[in-house]
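J.: Handing you this structure, nothing more for now.
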Amino acid sequence: MGQLTAMPDDACDATLWLLPWHVTDTLDAADGERVGRHLAGCARCRAELARERALATAVHTAEPGAGDGWVGMSARLDRAEPGPRHRARAWARRSGVPGSQHTWRWIAGAQFAALLVLGTWVALPPQRAPAYRALGDASQVRAGNALVMFRPETSEAALRRLLAGADARLVDGPTAAGAYVIALPGDGTALTRLRAQSAVTLAEPIERGPDQ
Amino acid sequence: MTAATAEQQGSAGADVEATLLERIRARDRRAFEMLYRAYHARLWRFLHKLLRRPHLIEEVLNDAMFVVWDRLDTFDGRSRFSTWLFGIAYRQGLAALRRLDEPVDDEREEAIDAAASPGAGAEAARVRRGLDAALATLSPTHRAVVELTYFHEFAYREIAAIMDCPPDTVKTRMFHARRQLRSALSGEPGDWY
């Protein structure tokens with residue numbers, strides 16, 4: 001069992017304090033370089049690194065799966081969104097100026113501004129093409145037509161089997177949320193097959209705008 | 001995977017999320033459902049670890065996601081969206097615990113004697129049970145740091161943003177949590193999972 005000391009008073013301790021994020025590869029460049037350099041020359045800290053990886057793996061083990069909470073969320077949205085007129089009145093009540101001309105002018109202005117922004121967003125071509133995109137095949141990124149997520153405990157091998165079973169091709173991911181962009185055959189049956197898998201928590205088509 | 005490929009994929013994934021957020025700002029409920037489903041499993045696990053009260057998880061999770069639907073204008077884009085969302089879930093979770101008069105501060109954990117933890121006392125129990133027991137003895141703030149680090153793989157500065165505390169506080173909490181978890185895990189590291 002490694003001895004973690006109370007305060008980072010030398011290079012070893014400073015490294016030990018950062019090991020969790022070294023294990024998950026989330027240190028910034030400066031911290032990562034410092035930790036990496038120290039580990040290369042310190043057998044004691046390398047031994048600690050092995051223990052740290054084991055602890056991270058133990059914590060990472062599967063939990064009971066979450067259910068589908070969308071039904072409850074959807075009902076809540078229904079309760080919260082009783083309709084535009086009611087919403088406007090509720091807002092006016094909260095603002096303390098019920099029904100005043102100023103209020104309605106503000107709402108109309110805000111709606112106009114929102115429409116302007118939305119219209120601009122729809123009309124303008126999307127901001128694209130950081131230079132590094134040219135290094136890969138950008139057309140492959142656009143070819144994705146569905147978003148899929150798997151239960152956190154799904155193994156990489158199981159993930160590959162699921163995708164192969166649906167005749168799916170992995171286009172991108174995982175995203176920050178752990179979702180993958182995939183390309184599926186167009187008749188919809190593959191998406192249905194994926195949704196039927198217990199390891200799949202989300203399988204939704206990507207609805208793209210006409211410019212995409 | 002090369003760094004360039006990872007960067008490209010990360011960027012494309014961010015594009016998908018940004019598109020969803022833009023549609024949600026335009027009150028597209030279908031886009032919100034997709035985002036909800038995309039984050040549900042991760043948030044559920046995080047809140048499960050933080051709260052350890054099954055009946056509260058879905059309520060707090062939906063409270064947090066409702067903020068996304070109703071107050072997305074307060075997300076200024078200075079952090080990753082996931083950092084912002086987990087920060088909301090964390091605060092909502094702590095608020096729920098406070099309503100139950102649950103202690104959420106760090107001092108509680110400092111007073112725990114690791115040798116007396118349930119995991120250390122159950123020699124014949126499986127290692128996993130020992131770990132779960134040790135996690136249960138951590139304060140919610142310490143459990144949150146462990147979970148955000150090891151499972152959700154946030155950088156410590158992102159965790160500081162989520163928990164609204166200095167980065168050194170994150171390191172300190174993680175240090176104490178690791179020490180306690182290790183003390184509860186008997187055997188060699190290879191036996192821990």
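Following the order of the structure tokens, first chain is A, next is B, and so on, with residues numbered from 1 inside each chain and ligands from 1 in the order they appear.
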Give me the residues near Ala160 in chain B as a PyMOL selection string, where near means some atom within 8 Å (using only C-alpha atoms) and where sequence neighbours in that chain fewer than 6 positions away do not count.

T.: chain B and resi 166-167+169-170

J.: For those residues, write C-alpha atoms to a file as a PDB file, in the first residue's frame.

T.:
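Writing done, so here's result11.pdb:
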ATOM      1  CA  PRO B 166     -10.013  26.554  -5.858  1.00  0.00           C
ATOM      2  CA  PRO B 167      -8.079  23.866  -7.797  1.00  0.00           C
ATOM      3  CA  THR B 169      -9.084  22.276  -2.812  1.00  0.00           C
ATOM      4  CA  VAL B 170      -9.897  19.692  -5.464  1.00  0.00           C
TER       5      VAL B 170
END

J.: Leaving out range 152-163 of chain A and any residue of its chain fewer than 4 positions from it, which residues lie within 7 Å of it when counting only C-alpha atoms, given as a PyMOL selection string?

T.: chain A and resi 62+167-169+199

J.: State, in Å with one decimal place, the distance from CA of Glu22 in chain B to CA of Asn145 in chain A.

T.: 18.3 Å

J.: One number please: CA of Ala183 in chain A to CA of Ala143 in chain A, in Å, one decimal.

T.: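 Going from CA of Ala183 in chain A over to CA of Ala143 in chain A, I get 6.3 Å.
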
J.: Which polymer residues have any atom within 9 Å of an atom of Ile88 in chain B, counting only C-alpha atoms, with same-chain residues fewer than 4 positions away left out, as JSON, numbers by chain?

T.: {"B": [63, 64, 65, 67, 83, 84, 92, 93, 162]}

J.: Please write the residues from the selection above to a file, keeping C-alpha atoms, as a JSON list (two decimals), in the first residue's frame.

T.:
[["chain", "number", "residue", "atom", "x", "y", "z"],
["B", 63, "ASP", "CA", -34.04, 19.92, -11.98],
["B", 64, "ALA", "CA", -30.61, 20.31, -13.54],
["B", 65, "MET", "CA", -31.79, 19.51, -17.05],
["B", 67, "VAL", "CA", -32.12, 24.67, -16.16],
["B", 83, "THR", "CA", -18.60, 21.31, -17.09],
["B", 84, "TRP", "CA", -21.44, 23.82, -16.84],
["B", 92, "GLN", "CA", -28.76, 21.04, -7.12],
["B", 93, "GLY", "CA", -27.58, 17.83, -5.47],
["B", 162, "ILE", "CA", -18.00, 22.48, -11.27]]

J.: Identify, with DSSP run on backbone atoms, the residues in range 151-203 of chain A assigned to helix (DSSP H, G or I), and express the list as a list in words.

T.: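 Helix (DSSP H, G or I) assignments inside range 151-203 of chain A correspond to Glu156, Ala157, Ala158, Leu159, Arg160, Arg161, Leu162, Leu163, Ala164, Gly165, Thr189, Ala190, Leu191, Thr192, Arg193, Leu194 and Arg195 of chain A.
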
J.: Can those selected residues be exported to a file as a short mmCIF file (atom, residue, chain, number, x, y, z; two decimals), in the first residue's frame so that it contains C-alpha atoms?

T.:
data_model
loop_
_atom_site.label_atom_id
_atom_site.label_comp_id
_atom_site.auth_asym_id
_atom_site.auth_seq_id
_atom_site.Cartn_x
_atom_site.Cartn_y
_atom_site.Cartn_z
CA GLU A 156 -15.30 -2.00 -26.54
CA ALA A 157 -15.79 -5.48 -27.99
CA ALA A 158 -19.52 -5.40 -27.26
CA LEU A 159 -19.74 -1.96 -28.81
CA ARG A 160 -18.15 -3.25 -31.99
CA ARG A 161 -20.53 -6.22 -32.09
CA LEU A 162 -23.55 -3.96 -31.68
CA LEU A 163 -22.43 -1.66 -34.47
CA ALA A 164 -21.65 -4.56 -36.76
CA GLY A 165 -25.02 -6.14 -36.01
CA THR A 189 -34.61 -0.89 -39.50
CA ALA A 190 -31.01 -0.64 -38.30
CA LEU A 191 -31.95 2.16 -35.91
CA THR A 192 -34.80 0.03 -34.59
CA ARG A 193 -32.43 -2.89 -34.07
CA LEU A 194 -30.00 -0.71 -32.15
CA ARG A 195 -32.75 0.69 -29.91
#

J.: Go through B:Leu20, B:Ala14, B:Met34, B:Ala96 one by one, measure the shortest atom-to-atom distance of each to Pro205 in chain A using only C-alpha atoms, and give the residue with the smallest value.

T.: B:Met34

J.: Neighbours of Tyr90 in chain B within 10 Å (only C-alpha atoms; same-chain residues fewer than 3 positions away dropped), as a list of chain:residue names?

T.: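 Using only C-alpha atoms, the neighbours found are B:Leu43, B:Phe46, B:Leu47, B:Leu50, B:Leu51, B:Val60, B:Leu61, B:Ala64, B:Trp84, B:Leu85, B:Phe86, B:Gly87, B:Gly93, B:Leu94, B:Ala95, B:Ala96, B:Pro140, B:Thr141, B:Ala144, B:Ile162, B:Met163, B:Asp164.
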
J.: How about saving the chosen residues, C-alpha atoms kept, as a PDB file, in the first residue's frame?

T.:
ATOM      1  CA  LEU B  43     -25.628  12.491 -14.725  1.00  0.00           C
ATOM      2  CA  PHE B  46     -22.816  11.120 -10.817  1.00  0.00           C
ATOM      3  CA  LEU B  47     -25.891  11.941  -8.757  1.00  0.00           C
ATOM      4  CA  LEU B  50     -23.228  12.143  -4.755  1.00  0.00           C
ATOM      5  CA  LEU B  51     -26.635  11.639  -3.187  1.00  0.00           C
ATOM      6  CA  VAL B  60     -32.373  16.403  -9.028  1.00  0.00           C
ATOM      7  CA  LEU B  61     -31.351  15.270 -12.487  1.00  0.00           C
ATOM      8  CA  ALA B  64     -30.610  20.313 -13.542  1.00  0.00           C
ATOM      9  CA  TRP B  84     -21.436  23.823 -16.842  1.00  0.00           C
ATOM     10  CA  LEU B  85     -24.094  21.116 -16.674  1.00  0.00           C
ATOM     11  CA  PHE B  86     -22.298  19.059 -14.038  1.00  0.00           C
ATOM     12  CA  GLY B  87     -21.818  22.221 -11.981  1.00  0.00           C
ATOM     13  CA  GLY B  93     -27.579  17.833  -5.472  1.00  0.00           C
ATOM     14  CA  LEU B  94     -26.018  19.641  -2.530  1.00  0.00           C
ATOM     15  CA  ALA B  95     -29.172  21.712  -2.134  1.00  0.00           C
ATOM     16  CA  ALA B  96     -31.221  18.514  -2.007  1.00  0.00           C
ATOM     17  CA  PRO B 140     -20.605  14.025  -0.726  1.00  0.00           C
ATOM     18  CA  THR B 141     -17.972  16.554  -1.784  1.00  0.00           C
ATOM     19  CA  ALA B 144     -18.040  13.997  -6.140  1.00  0.00           C
ATOM     20  CA  ILE B 162     -18.002  22.482 -11.271  1.00  0.00           C
ATOM     21  CA  MET B 163     -17.629  22.634  -7.497  1.00  0.00           C
ATOM     22  CA  ASP B 164     -16.915  26.357  -7.404  1.00  0.00           C
TER      23      ASP B 164
END

J.: Have a look at CA of Arg44 in chain A and CA of Ala14 in chain A and let me know their distance in Å, one decimal.

T.: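 About the pair CA of Arg44 in chain A and CA of Ala14 in chain A: they are 13.2 Å apart.
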
J.: Identify, on the basis of only C-alpha atoms, every residue whose closest approach to Val181 in chain A does not exceed 9 Å; exclude the query and any residue fewer than 3 positions from it along the same chain; express the result as a PyMOL selection string.

T.: (chain A and resi 141+144-148+169-175+206) or (chain B and resi 13+16)

J.: Go ahead and dump the residues you just picked, N, CA and C atoms, as an mmCIF file, in the first residue's frame.

T.:
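What ended up in selection_8.cif:
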data_model
loop_
_atom_site.group_PDB
_atom_site.id
_atom_site.type_symbol
_atom_site.label_atom_id
_atom_site.label_comp_id
_atom_site.auth_asym_id
_atom_site.auth_seq_id
_atom_site.Cartn_x
_atom_site.Cartn_y
_atom_site.Cartn_z
ATOM 1 N N VAL A 141 -17.211 12.832 -41.724
ATOM 2 C CA VAL A 141 -17.858 13.394 -40.558
ATOM 3 C C VAL A 141 -19.299 13.738 -40.875
ATOM 4 N N GLY A 144 -22.418 10.944 -41.062
ATOM 5 C CA GLY A 144 -23.147 10.368 -39.947
ATOM 6 C C GLY A 144 -24.612 10.757 -39.989
ATOM 7 N N ASN A 145 -25.479 9.804 -39.699
ATOM 8 C CA ASN A 145 -26.908 10.121 -39.722
ATOM 9 C C ASN A 145 -27.631 9.705 -38.448
ATOM 10 N N ALA A 146 -26.874 9.309 -37.434
ATOM 11 C CA ALA A 146 -27.526 8.942 -36.177
ATOM 12 C C ALA A 146 -26.556 9.153 -35.023
ATOM 13 N N LEU A 147 -27.139 9.394 -33.855
ATOM 14 C CA LEU A 147 -26.371 9.570 -32.633
ATOM 15 C C LEU A 147 -26.701 8.381 -31.728
ATOM 16 N N VAL A 148 -25.679 7.744 -31.198
ATOM 17 C CA VAL A 148 -25.934 6.570 -30.382
ATOM 18 C C VAL A 148 -25.099 6.640 -29.106
ATOM 19 N N ARG A 169 -21.620 2.115 -39.292
ATOM 20 C CA ARG A 169 -20.221 2.525 -39.409
ATOM 21 C C ARG A 169 -19.981 3.686 -38.439
ATOM 22 N N LEU A 170 -18.931 3.575 -37.643
ATOM 23 C CA LEU A 170 -18.611 4.631 -36.691
ATOM 24 C C LEU A 170 -17.997 5.809 -37.432
ATOM 25 N N VAL A 171 -18.605 6.973 -37.288
ATOM 26 C CA VAL A 171 -18.126 8.157 -38.003
ATOM 27 C C VAL A 171 -17.354 9.082 -37.071
ATOM 28 N N ASP A 172 -17.811 9.144 -35.820
ATOM 29 C CA ASP A 172 -17.200 10.126 -34.925
ATOM 30 C C ASP A 172 -17.537 9.775 -33.483
ATOM 31 N N GLY A 173 -16.726 10.308 -32.579
ATOM 32 C CA GLY A 173 -17.026 10.177 -31.170
ATOM 33 C C GLY A 173 -15.934 9.412 -30.437
ATOM 34 N N PRO A 174 -16.038 9.309 -29.153
ATOM 35 C CA PRO A 174 -17.176 9.793 -28.372
ATOM 36 C C PRO A 174 -17.147 11.308 -28.176
ATOM 37 N N THR A 175 -18.337 11.901 -28.068
ATOM 38 C CA THR A 175 -18.440 13.311 -27.732
ATOM 39 C C THR A 175 -18.179 13.458 -26.247
ATOM 40 N N ILE A 206 -29.949 11.930 -36.672
ATOM 41 C CA ILE A 206 -29.482 13.302 -36.671
ATOM 42 C C ILE A 206 -30.225 14.040 -37.753
ATOM 43 N N GLY B 13 -17.572 16.176 -32.599
ATOM 44 C CA GLY B 13 -18.510 15.879 -31.516
ATOM 45 C C GLY B 13 -19.022 17.152 -30.888
ATOM 46 N N VAL B 16 -21.701 18.615 -33.024
ATOM 47 C CA VAL B 16 -23.014 17.996 -32.830
ATOM 48 C C VAL B 16 -23.685 18.589 -31.604
#

J.: Select, from B:Ile159, B:Ala184, B:Val145, B:Leu21, the residue with the minimum atom-to-atom distance to Leu131 in chain B, counting only C-alpha atoms.

T.: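 The answer is B:Ala184, which sits nearest to Leu131 in chain B.
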